[in-house]
>>> print(open('entry_30.txt').read())   # compact mmCIF, C-alpha atoms and all ligand atoms
# COMPACT_ATOMS: atom_id res chain seq x y z
CA MET A 1 105.01 117.21 48.32
CA THR A 2 103.50 118.15 51.68
CA THR A 3 105.85 118.50 54.58
CA ASN A 4 104.71 118.49 58.15
CA THR A 5 107.52 118.37 60.63
CA THR A 6 105.57 119.19 63.78
CA THR A 7 102.78 116.72 64.59
CA THR A 8 102.92 113.89 62.09
CA PRO A 9 105.71 111.78 60.68
CA GLN A 10 106.77 113.05 57.29
CA PRO A 11 104.74 111.16 54.75
CA GLN A 12 106.39 110.20 51.51
CA ASN A 13 103.57 111.37 49.32
CA GLN A 14 100.01 112.59 49.15
CA MET A 15 98.61 109.08 49.45
CA ALA A 16 100.46 108.51 52.69
CA VAL A 17 99.04 111.76 54.08
CA SER A 18 95.53 110.75 53.15
CA THR A 19 95.97 107.24 54.63
CA TYR A 20 97.33 108.77 57.83
CA GLN A 21 94.37 111.13 58.05
CA LYS A 22 91.94 108.27 57.46
CA LEU A 23 93.62 106.29 60.24
CA ARG A 24 93.26 109.23 62.65
CA GLY A 25 89.64 109.48 61.58
CA HIS A 26 89.03 105.76 62.31
CA LEU A 27 90.64 106.09 65.74
CA ALA A 28 88.46 109.13 66.48
CA VAL A 29 85.24 107.35 65.38
CA LEU A 30 86.16 104.34 67.52
CA LYS A 31 86.94 106.73 70.40
CA LEU A 32 90.44 105.31 70.73
CA ASP A 33 91.65 108.69 71.95
CA ALA A 34 94.86 107.54 73.63
CA ALA A 35 95.91 105.66 70.48
CA ALA A 36 95.01 108.67 68.31
CA GLU A 37 97.10 110.93 70.49
CA ALA A 38 100.06 108.55 70.52
CA LEU A 39 99.88 107.79 66.78
CA PRO A 40 102.43 110.35 65.53
CA SER A 41 105.09 109.39 68.07
CA VAL A 42 104.45 105.64 67.65
CA LEU A 43 104.78 105.95 63.85
CA GLN A 44 107.92 108.01 64.29
CA THR A 45 109.53 105.46 66.65
CA ALA A 46 108.36 102.58 64.46
CA GLY A 47 110.14 104.22 61.52
CA ASP A 48 113.28 105.09 63.47
CA GLU A 49 113.61 101.66 65.06
CA GLU A 50 112.40 99.71 62.05
CA TRP A 51 109.53 97.98 63.86
CA SER A 52 107.46 95.44 61.98
CA MET A 53 103.82 96.36 61.35
CA THR A 54 102.76 93.86 64.01
CA GLN A 55 105.06 95.49 66.56
CA MET A 56 103.75 98.91 65.68
CA LEU A 57 100.10 97.84 65.98
CA GLU A 58 100.73 96.03 69.25
CA HIS A 59 102.42 99.10 70.68
CA LEU A 60 99.62 101.42 69.61
CA LEU A 61 96.87 99.19 70.99
CA ALA A 62 98.78 98.58 74.22
CA ILE A 63 98.67 102.35 74.82
CA GLU A 64 94.89 102.34 74.34
CA VAL A 65 94.46 99.28 76.59
CA SER A 66 96.45 100.94 79.42
CA ALA A 67 94.37 104.10 79.13
CA THR A 68 91.12 102.08 79.20
CA GLU A 69 92.27 100.08 82.22
CA ALA A 70 93.27 103.26 84.08
CA ARG A 71 89.87 104.83 83.30
CA ARG A 72 87.99 101.72 84.50
CA LEU A 73 90.07 101.53 87.69
CA ALA A 74 89.34 105.20 88.42
CA GLY A 75 85.62 104.49 87.86
CA ARG A 76 85.65 101.48 90.21
CA LEU A 77 87.54 103.50 92.84
CA ARG A 78 84.99 106.34 92.63
CA PHE A 79 82.10 103.89 92.91
CA ALA A 80 83.65 102.01 95.86
CA CYS A 81 83.60 105.07 98.18
CA LEU A 82 86.64 103.90 100.13
CA PRO A 83 86.53 105.99 103.31
CA THR A 84 90.26 105.94 104.14
CA PRO A 85 93.57 105.46 102.28
CA ALA A 86 94.21 102.17 104.19
CA THR A 87 95.90 99.33 102.31
CA LEU A 88 96.67 95.72 103.27
CA ASP A 89 100.37 96.47 102.74
CA GLY A 90 100.12 99.28 105.28
CA PHE A 91 98.82 96.95 108.00
CA ASP A 92 101.30 96.55 110.85
CA TYR A 93 101.14 92.90 111.93
CA ASP A 94 103.46 93.46 114.89
CA ALA A 95 100.79 95.74 116.33
CA ALA A 96 98.11 93.08 115.81
CA PRO A 97 99.57 89.89 117.29
CA GLY A 98 96.41 87.78 116.87
CA VAL A 99 96.11 88.40 113.13
CA ASP A 100 97.27 85.65 110.79
CA ARG A 101 99.29 87.46 108.13
CA HIS A 102 99.20 84.48 105.77
CA LEU A 103 95.41 84.48 105.88
CA ILE A 104 95.27 88.23 105.15
CA ARG A 105 97.73 87.76 102.30
CA GLU A 106 95.55 84.95 100.94
CA LEU A 107 92.45 87.16 101.21
CA GLY A 108 94.43 89.90 99.44
CA THR A 109 94.52 87.70 96.30
CA CYS A 110 90.69 88.06 96.17
CA ALA A 111 90.25 84.30 95.51
CA TYR A 112 87.52 84.26 98.21
CA LEU A 113 85.36 86.46 95.94
CA GLU A 114 85.14 83.66 93.39
CA SER A 115 83.44 81.37 95.91
CA ALA A 116 81.23 84.14 97.37
CA THR A 117 82.93 83.64 100.74
CA ASN A 118 82.19 86.23 103.44
CA VAL A 119 84.70 87.75 105.84
CA LEU A 120 83.77 88.72 109.40
CA LEU A 121 86.13 91.00 111.27
CA ILE A 122 85.30 90.98 114.95
CA GLY A 123 87.03 92.99 117.66
CA PRO A 124 86.99 95.99 119.97
CA PRO A 125 87.39 99.56 118.68
CA GLY A 126 90.73 100.64 117.24
CA THR A 127 92.04 97.15 116.47
CA GLY A 128 92.20 97.63 112.70
CA LYS A 129 88.88 96.19 111.51
CA THR A 130 88.04 99.10 109.21
CA HIS A 131 91.66 99.24 108.05
CA LEU A 132 91.56 95.59 106.95
CA ALA A 133 88.07 95.91 105.44
CA VAL A 134 89.12 98.95 103.39
CA GLY A 135 92.37 97.19 102.45
CA LEU A 136 90.37 94.18 101.19
CA ALA A 137 88.02 96.50 99.30
CA ARG A 138 90.95 98.32 97.69
CA ALA A 139 92.55 95.01 96.68
CA ALA A 140 89.24 93.93 95.11
CA VAL A 141 88.91 97.22 93.19
CA HIS A 142 92.44 96.82 91.84
CA ALA A 143 91.76 93.21 90.88
CA GLY A 144 88.84 94.44 88.75
CA TYR A 145 85.88 93.64 91.02
CA ARG A 146 82.98 96.01 91.50
CA THR A 147 83.14 96.93 95.17
CA TYR A 148 81.11 99.15 97.49
CA VAL A 149 81.90 100.21 101.05
CA THR A 150 79.24 101.40 103.46
CA THR A 151 78.45 101.32 107.16
CA ALA A 152 75.56 99.40 108.72
CA ALA A 153 74.00 102.73 109.76
CA ASP A 154 74.30 104.21 106.24
CA LEU A 155 72.91 101.07 104.63
CA ALA A 156 69.94 101.19 107.01
CA ALA A 157 69.36 104.90 106.35
CA ARG A 158 69.51 104.40 102.61
CA CYS A 159 67.06 101.51 102.70
CA HIS A 160 64.74 103.50 104.96
CA LYS A 161 64.75 106.45 102.53
CA ALA A 162 64.22 104.13 99.57
CA ALA A 163 61.22 102.51 101.28
CA ILE A 164 59.61 105.92 101.92
CA GLU A 165 60.23 107.03 98.35
CA GLY A 166 58.93 103.81 96.79
CA ARG A 167 62.37 102.74 95.52
CA TRP A 168 62.80 99.59 97.62
CA ALA A 169 63.43 97.23 94.71
CA THR A 170 66.00 99.58 93.14
CA CYS A 171 67.76 99.92 96.49
CA MET A 172 67.91 96.13 96.94
CA ARG A 173 69.27 95.76 93.39
CA PHE A 174 71.93 98.34 94.21
CA PHE A 175 73.15 96.36 97.23
CA ALA A 176 72.99 93.10 95.28
CA GLY A 177 75.15 94.49 92.47
CA PRO A 178 78.76 94.77 93.68
CA THR A 179 80.86 91.60 93.78
CA LEU A 180 82.12 92.76 97.18
CA LEU A 181 80.00 94.70 99.66
CA VAL A 182 81.74 95.95 102.80
CA ILE A 183 79.44 96.71 105.73
CA ASP A 184 81.44 98.50 108.40
CA GLU A 185 80.55 99.12 112.04
CA LEU A 186 77.74 96.69 112.75
CA GLY A 187 76.85 96.95 116.42
CA TYR A 188 78.06 100.45 117.24
CA LEU A 189 74.52 101.79 117.00
CA PRO A 190 71.45 99.72 117.89
CA LEU A 191 69.45 99.03 114.74
CA PRO A 192 65.68 99.50 114.69
CA ALA A 193 63.65 96.46 113.56
CA GLU A 194 63.15 97.91 110.07
CA ALA A 195 66.92 98.39 109.64
CA ALA A 196 67.64 94.85 110.85
CA SER A 197 65.17 93.53 108.31
CA ALA A 198 66.77 95.58 105.49
CA LEU A 199 70.20 94.27 106.46
CA PHE A 200 68.86 90.72 106.52
CA GLN A 201 67.41 91.12 103.02
CA VAL A 202 70.71 92.45 101.69
CA VAL A 203 72.55 89.48 103.21
CA ALA A 204 69.92 86.99 102.00
CA GLN A 205 69.94 88.16 98.38
CA ARG A 206 73.74 88.01 98.21
CA TYR A 207 73.92 84.58 99.88
CA LEU A 208 76.10 82.13 97.88
CA LYS A 209 76.33 84.65 95.01
CA THR A 210 78.56 87.51 96.14
CA SER A 211 80.77 88.29 99.14
CA ILE A 212 80.25 90.53 102.15
CA VAL A 213 83.01 91.81 104.42
CA ILE A 214 81.43 92.85 107.70
CA THR A 215 83.12 94.49 110.70
CA THR A 216 81.67 94.48 114.18
CA ASN A 217 82.66 95.16 117.75
CA ARG A 218 80.13 92.60 119.01
CA SER A 219 80.61 88.84 119.20
CA VAL A 220 78.17 86.78 117.14
CA ALA A 221 76.46 85.71 120.37
CA GLU A 222 75.42 89.33 120.87
CA TRP A 223 73.96 89.86 117.39
CA GLY A 224 70.43 89.14 118.62
CA GLU A 225 70.78 92.17 120.86
CA VAL A 226 72.34 94.28 118.08
CA LEU A 227 69.55 93.44 115.64
CA GLY A 228 66.84 93.54 118.29
CA ASP A 229 65.59 90.12 117.19
CA THR A 230 67.23 86.76 117.86
CA THR A 231 65.42 85.01 114.97
CA VAL A 232 66.58 87.57 112.39
CA ALA A 233 70.08 87.46 113.88
CA ALA A 234 70.18 83.65 113.69
CA ALA A 235 68.91 83.60 110.08
CA MET A 236 71.42 86.27 109.06
CA LEU A 237 74.36 84.59 110.80
CA ASP A 238 73.38 81.27 109.26
CA ARG A 239 73.82 82.74 105.77
CA LEU A 240 76.86 84.88 106.58
CA LEU A 241 78.78 82.10 108.31
CA HIS A 242 77.89 79.24 105.93
CA ARG A 243 80.84 80.10 103.71
CA SER A 244 83.03 82.46 105.68
CA VAL A 245 86.35 83.43 107.16
CA VAL A 246 86.09 84.81 110.70
CA LEU A 247 88.93 86.99 111.94
CA LYS A 248 89.10 87.97 115.58
CA LEU A 249 91.11 91.09 116.31
CA ASP A 250 92.23 91.74 119.83
CA GLY A 251 94.59 93.78 121.88
CA ASP A 252 95.04 97.49 122.45
CA SER A 253 93.50 100.16 120.31
CA TYR A 254 95.92 101.37 117.63
CA ARG A 255 94.41 104.84 117.99
CA LEU A 256 95.17 104.89 121.72
CA ARG A 257 98.58 103.36 121.09
CA ASP A 258 99.40 106.38 118.92
CA HIS A 259 97.95 108.64 121.56
CA HIS A 260 99.99 106.96 124.33
CA ALA A 261 103.14 107.17 122.20
CA ARG A 262 102.57 110.90 121.60
CA SER A 263 101.91 111.54 125.30
CA GLN A 264 105.04 109.55 126.15
CA ASN A 265 107.10 111.63 123.68
CA GLN A 266 105.69 114.82 125.12
CA ARG A 267 106.54 113.69 128.62
CA THR A 268 110.14 112.86 127.65
CA ALA A 269 110.43 116.15 125.81
CA THR A 270 109.14 118.20 128.72
CA THR A 271 110.85 116.35 131.58
CA PRO A 272 114.29 118.09 131.30
CA THR A 273 112.60 121.50 131.24
CA ARG A 274 110.75 120.61 134.40
CA ARG A 275 113.95 119.44 135.97
CA THR A 276 115.71 122.72 135.19
CA LEU A 277 112.82 124.55 136.76
CA GLU A 278 113.02 122.53 139.93
P1 LIG B 301 88.53 99.72 114.10
O1 LIG B 301 87.78 99.77 112.83
O2 LIG B 301 88.83 98.34 114.59
O3 LIG B 301 87.90 100.56 115.17
P2 LIG B 301 90.54 101.09 112.57
O4 LIG B 301 90.80 100.13 111.48
O5 LIG B 301 89.69 102.27 112.23
O6 LIG B 301 89.96 100.37 113.85
O7 LIG B 301 91.95 101.58 113.13
C1 LIG B 301 92.10 102.85 113.78
C2 LIG B 301 93.31 103.55 113.19
O8 LIG B 301 94.48 102.79 113.49
C3 LIG B 301 93.25 103.66 111.69
O9 LIG B 301 93.92 104.84 111.29
C4 LIG B 301 94.05 102.44 111.21
O10 LIG B 301 94.65 102.68 109.95
C5 LIG B 301 95.08 102.28 112.30
N1 LIG B 301 95.44 100.90 112.58
C6 LIG B 301 94.80 100.03 113.36
N2 LIG B 301 95.44 98.86 113.44
C7 LIG B 301 96.52 98.98 112.64
C8 LIG B 301 97.59 98.10 112.27
N3 LIG B 301 97.69 96.86 112.79
N4 LIG B 301 98.51 98.57 111.40
C9 LIG B 301 98.43 99.83 110.92
N5 LIG B 301 97.46 100.71 111.23
C10 LIG B 301 96.51 100.29 112.08
MG MG B 302 86.06 100.84 112.40
>>> encode(input="entry_30.txt", output="structure tokens")
Amino acid sequence: MTTNTTTTPQPQNQMAVSTYQKLRGHLAVLKLDAAAEALPSVLQTAGDEEWSMTQMLEHLLAIEVSATEARRLAGRLRFACLPTPATLDGFDYDAAPGVDRHLIRELGTCAYLESATNVLLIGPPGTGKTHLAVGLARAAVHAGYRTYVTTAADLAARCHKAAIEGRWATCMRFFAGPTLLVIDELGYLPLPAEAASALFQVVAQRYLKTSIVITTNRSVAEWGEVLGDTTVAAAMLDRLLHRSVVLKLDGDSYRLRDHHARSQNQRTATTPTRRTLE
């Protein structure tokens, strides 16, 4: 009788050893690596705790399913190119009085993605637009949706390069692909006519099919100026707003708030010293 006390449960006889080895072989061929790795310990526990065969199989496959899900999530996260660690949970609503927390929570469920609804985040710099956009993107990635985050300037540059290199169609397919496309920072830099047209095409091909979250510091009335063409701006807004949620962010910059708080702390910390010097 073969005894193996280290890696495998002790089989009763030669046939059990051979069956065990065949099973490992099947798992390897099917590339069920996590299940293969967990097999000895699962068999051991199944024996010790007198699991039924169904329980044992369920347990083994659950291990493989978790590993597959974790691998897919990591892949979606890599693809999404999230620029910051921001999350919806980390958003401080007290610092953003105009923001409807119920609406953000609702958007956090990702239900809007099913109806290809767009989200426009409009407000001055530092009010949390990118934070919310990245938070929405992260929620979408975790809910299993293919997501991609870019800026208006990067999207324009990429389309420009693709046009020069004769890859226009591939580039358009790329931006049509993700279920959620986040376009950050529209309006910070003026867009040349060619970039405005690329942006319009991206919006047009996603219209009523997949969602866009767009952040901008300019009101929609100013988009003609941003895009350098009122007709393109009107056509783009028409599609973006048809099925959309518009969120206006207002108030003081969170960045400057931090800065003011730090300066305030420094002042309080240094005041007694000054006094003693006086
Ligand atoms: P915007 O894109 O509107 O210019 P950001 O989203 O980049 O602003 O916010 C600037 C910084 O302040 C980021 O680090 C962001 O995480 C943080 N921030 C802004 N608003 C909030 C908020 N309400 N709660 C938590 N952090 C915030
Ligand atoms: Mg921003």
>>> closest_atom_pairs(input="entry_30.txt", of="chain A", to="ligand LIG 301 (chain B)", cutoff="6 Å", atoms="all atoms listed in the file", output="JSON lines")
{"residue": "A:Ala86", "atom": "CA", "partner": "B:LIG301", "partner_atom": "O10", "distance": 5.8}
{"residue": "A:Gly90", "atom": "CA", "partner": "B:LIG301", "partner_atom": "C9", "distance": 5.9}
{"residue": "A:Phe91", "atom": "CA", "partner": "B:LIG301", "partner_atom": "N4", "distance": 3.8}
{"residue": "A:Asp92", "atom": "CA", "partner": "B:LIG301", "partner_atom": "N4", "distance": 3.5}
{"residue": "A:Tyr93", "atom": "CA", "partner": "B:LIG301", "partner_atom": "N3", "distance": 5.3}
{"residue": "A:Ala95", "atom": "CA", "partner": "B:LIG301", "partner_atom": "N3", "distance": 4.8}
{"residue": "A:Ala96", "atom": "CA", "partner": "B:LIG301", "partner_atom": "N3", "distance": 4.9}
{"residue": "A:Pro125", "atom": "CA", "partner": "B:LIG301", "partner_atom": "O3", "distance": 3.7}
{"residue": "A:Gly126", "atom": "CA", "partner": "B:LIG301", "partner_atom": "O6", "distance": 3.5}
{"residue": "A:Thr127", "atom": "CA", "partner": "B:LIG301", "partner_atom": "O2", "distance": 3.9}
{"residue": "A:Gly128", "atom": "CA", "partner": "B:LIG301", "partner_atom": "O4", "distance": 3.1}
{"residue": "A:Lys129", "atom": "CA", "partner": "B:LIG301", "partner_atom": "O2", "distance": 3.8}
{"residue": "A:Thr130", "atom": "CA", "partner": "B:LIG301", "partner_atom": "O1", "distance": 3.7}
{"residue": "A:His131", "atom": "CA", "partner": "B:LIG301", "partner_atom": "O4", "distance": 3.6}
{"residue": "A:Tyr254", "atom": "CA", "partner": "B:LIG301", "partner_atom": "O8", "distance": 4.6}
{"residue": "A:Arg255", "atom": "CA", "partner": "B:LIG301", "partner_atom": "O8", "distance": 4.9}
>>> residues_near_ligand(input="entry_30.txt", ligand="ligand MG 302 (chain B)", cutoff="12 Å", atoms="only C-alpha atoms and all ligand atoms", output="ChimeraX atom specification")
/A:83-84,86,121-134,150-152,182-188,214-217,249,253-255
>>> residues_around(input="entry_30.txt", residues="Arg78 in chain A", least_positions_apart="6", cutoff="12 Å", atoms="only C-alpha atoms", output="list of chain:residue names")
A:Arg71, A:Arg72, A:Arg138, A:Val141, A:Arg146, A:Thr147, A:Tyr148, A:Val149
>>> write_last_selection(input="entry_30.txt", atoms="C-alpha atoms", output="PDB file, keeping the file's coordinate frame")
ATOM      1  CA  ARG A  71      89.870 104.830  83.300  1.00  0.00           C
ATOM      2  CA  ARG A  72      87.990 101.720  84.500  1.00  0.00           C
ATOM      3  CA  ARG A 138      90.950  98.320  97.690  1.00  0.00           C
ATOM      4  CA  VAL A 141      88.910  97.220  93.190  1.00  0.00           C
ATOM      5  CA  ARG A 146      82.980  96.010  91.500  1.00  0.00           C
ATOM      6  CA  THR A 147      83.140  96.930  95.170  1.00  0.00           C
ATOM      7  CA  TYR A 148      81.110  99.150  97.490  1.00  0.00           C
ATOM      8  CA  VAL A 149      81.900 100.210 101.050  1.00  0.00           C
TER       9      VAL A 149
END
>>> residues_around(input="entry_30.txt", residues="Leu32 in chain A", least_positions_apart="5", cutoff="10 Å", atoms="only C-alpha atoms", output="count of residues only")
10
>>> closest_residue(input="entry_30.txt", among="A:Val29, A:Leu181, A:Val119, A:Cys159", to="Leu103 in chain A", atoms="all atoms listed in the file")
A:Val119
>>> build_atoms(input="entry_30.txt", residues="range 197-226 of chain A", atoms="N, CA and C atoms", output="PDB file, in the frame of the given file")
ATOM      1  N   SER A 197      65.813  94.278 109.383  1.00  0.00           N
ATOM      2  CA  SER A 197      65.170  93.530 108.310  1.00  0.00           C
ATOM      3  C   SER A 197      65.788  93.883 106.945  1.00  0.00           C
ATOM      4  N   ALA A 198      66.119  95.165 106.741  1.00  0.00           N
ATOM      5  CA  ALA A 198      66.770  95.580 105.490  1.00  0.00           C
ATOM      6  C   ALA A 198      68.125  94.892 105.351  1.00  0.00           C
ATOM      7  N   LEU A 199      68.872  94.895 106.464  1.00  0.00           N
ATOM      8  CA  LEU A 199      70.200  94.270 106.460  1.00  0.00           C
ATOM      9  C   LEU A 199      70.080  92.777 106.153  1.00  0.00           C
ATOM     10  N   PHE A 200      69.077  92.142 106.771  1.00  0.00           N
ATOM     11  CA  PHE A 200      68.860  90.720 106.520  1.00  0.00           C
ATOM     12  C   PHE A 200      68.574  90.468 105.036  1.00  0.00           C
ATOM     13  N   GLN A 201      67.744  91.314 104.441  1.00  0.00           N
ATOM     14  CA  GLN A 201      67.410  91.120 103.020  1.00  0.00           C
ATOM     15  C   GLN A 201      68.622  91.288 102.126  1.00  0.00           C
ATOM     16  N   VAL A 202      69.482  92.250 102.478  1.00  0.00           N
ATOM     17  CA  VAL A 202      70.710  92.450 101.690  1.00  0.00           C
ATOM     18  C   VAL A 202      71.586  91.195 101.785  1.00  0.00           C
ATOM     19  N   VAL A 203      71.732  90.687 103.011  1.00  0.00           N
ATOM     20  CA  VAL A 203      72.550  89.480 103.210  1.00  0.00           C
ATOM     21  C   VAL A 203      71.931  88.293 102.470  1.00  0.00           C
ATOM     22  N   ALA A 204      70.603  88.144 102.589  1.00  0.00           N
ATOM     23  CA  ALA A 204      69.920  86.990 102.000  1.00  0.00           C
ATOM     24  C   ALA A 204      70.039  86.982 100.471  1.00  0.00           C
ATOM     25  N   GLN A 205      69.904  88.156  99.857  1.00  0.00           N
ATOM     26  CA  GLN A 205      69.940  88.160  98.380  1.00  0.00           C
ATOM     27  C   GLN A 205      71.361  87.966  97.831  1.00  0.00           C
ATOM     28  N   ARG A 206      72.362  88.215  98.668  1.00  0.00           N
ATOM     29  CA  ARG A 206      73.740  88.010  98.210  1.00  0.00           C
ATOM     30  C   ARG A 206      74.241  86.594  98.523  1.00  0.00           C
ATOM     31  N   TYR A 207      73.512  85.901  99.374  1.00  0.00           N
ATOM     32  CA  TYR A 207      73.920  84.580  99.880  1.00  0.00           C
ATOM     33  C   TYR A 207      74.309  83.618  98.751  1.00  0.00           C
ATOM     34  N   LEU A 208      75.525  83.094  98.829  1.00  0.00           N
ATOM     35  CA  LEU A 208      76.100  82.130  97.880  1.00  0.00           C
ATOM     36  C   LEU A 208      76.331  82.718  96.475  1.00  0.00           C
ATOM     37  N   LYS A 209      76.117  84.024  96.319  1.00  0.00           N
ATOM     38  CA  LYS A 209      76.330  84.650  95.010  1.00  0.00           C
ATOM     39  C   LYS A 209      77.508  85.611  95.053  1.00  0.00           C
ATOM     40  N   THR A 210      77.513  86.485  96.058  1.00  0.00           N
ATOM     41  CA  THR A 210      78.560  87.510  96.140  1.00  0.00           C
ATOM     42  C   THR A 210      78.986  87.695  97.598  1.00  0.00           C
ATOM     43  N   SER A 211      80.175  88.231  97.795  1.00  0.00           N
ATOM     44  CA  SER A 211      80.770  88.290  99.140  1.00  0.00           C
ATOM     45  C   SER A 211      80.408  89.558  99.917  1.00  0.00           C
ATOM     46  N   ILE A 212      80.415  89.388 101.235  1.00  0.00           N
ATOM     47  CA  ILE A 212      80.250  90.530 102.150  1.00  0.00           C
ATOM     48  C   ILE A 212      81.438  90.508 103.121  1.00  0.00           C
ATOM     49  N   VAL A 213      82.050  91.664 103.321  1.00  0.00           N
ATOM     50  CA  VAL A 213      83.010  91.810 104.420  1.00  0.00           C
ATOM     51  C   VAL A 213      82.296  92.651 105.462  1.00  0.00           C
ATOM     52  N   ILE A 214      82.197  92.133 106.671  1.00  0.00           N
ATOM     53  CA  ILE A 214      81.430  92.850 107.700  1.00  0.00           C
ATOM     54  C   ILE A 214      82.332  93.067 108.918  1.00  0.00           C
ATOM     55  N   THR A 215      82.325  94.252 109.486  1.00  0.00           N
ATOM     56  CA  THR A 215      83.120  94.490 110.700  1.00  0.00           C
ATOM     57  C   THR A 215      82.167  94.782 111.852  1.00  0.00           C
ATOM     58  N   THR A 216      82.529  94.269 113.002  1.00  0.00           N
ATOM     59  CA  THR A 216      81.670  94.480 114.180  1.00  0.00           C
ATOM     60  C   THR A 216      82.491  94.447 115.464  1.00  0.00           C
ATOM     61  N   ASN A 217      82.012  95.190 116.441  1.00  0.00           N
ATOM     62  CA  ASN A 217      82.660  95.160 117.750  1.00  0.00           C
ATOM     63  C   ASN A 217      81.946  94.192 118.683  1.00  0.00           C
ATOM     64  N   ARG A 218      80.909  93.507 118.154  1.00  0.00           N
ATOM     65  CA  ARG A 218      80.130  92.600 119.010  1.00  0.00           C
ATOM     66  C   ARG A 218      80.324  91.156 118.559  1.00  0.00           C
ATOM     67  N   SER A 219      80.467  90.261 119.542  1.00  0.00           N
ATOM     68  CA  SER A 219      80.610  88.840 119.200  1.00  0.00           C
ATOM     69  C   SER A 219      79.303  88.335 118.590  1.00  0.00           C
ATOM     70  N   VAL A 220      79.383  87.258 117.811  1.00  0.00           N
ATOM     71  CA  VAL A 220      78.170  86.780 117.140  1.00  0.00           C
ATOM     72  C   VAL A 220      77.058  86.432 118.143  1.00  0.00           C
ATOM     73  N   ALA A 221      77.462  86.053 119.351  1.00  0.00           N
ATOM     74  CA  ALA A 221      76.460  85.710 120.370  1.00  0.00           C
ATOM     75  C   ALA A 221      75.612  86.924 120.732  1.00  0.00           C
ATOM     76  N   GLU A 222      76.147  88.109 120.488  1.00  0.00           N
ATOM     77  CA  GLU A 222      75.420  89.330 120.870  1.00  0.00           C
ATOM     78  C   GLU A 222      74.596  89.918 119.713  1.00  0.00           C
ATOM     79  N   TRP A 223      74.611  89.250 118.557  1.00  0.00           N
ATOM     80  CA  TRP A 223      73.960  89.860 117.390  1.00  0.00           C
ATOM     81  C   TRP A 223      72.441  89.968 117.544  1.00  0.00           C
ATOM     82  N   GLY A 224      71.870  89.072 118.347  1.00  0.00           N
ATOM     83  CA  GLY A 224      70.430  89.140 118.620  1.00  0.00           C
ATOM     84  C   GLY A 224      70.101  90.492 119.243  1.00  0.00           C
ATOM     85  N   GLU A 225      70.954  90.892 120.169  1.00  0.00           N
ATOM     86  CA  GLU A 225      70.780  92.170 120.860  1.00  0.00           C
ATOM     87  C   GLU A 225      70.977  93.332 119.874  1.00  0.00           C
ATOM     88  N   VAL A 226      72.035  93.219 119.039  1.00  0.00           N
ATOM     89  CA  VAL A 226      72.340  94.280 118.080  1.00  0.00           C
ATOM     90  C   VAL A 226      71.172  94.486 117.112  1.00  0.00           C
TER      91      VAL A 226
END
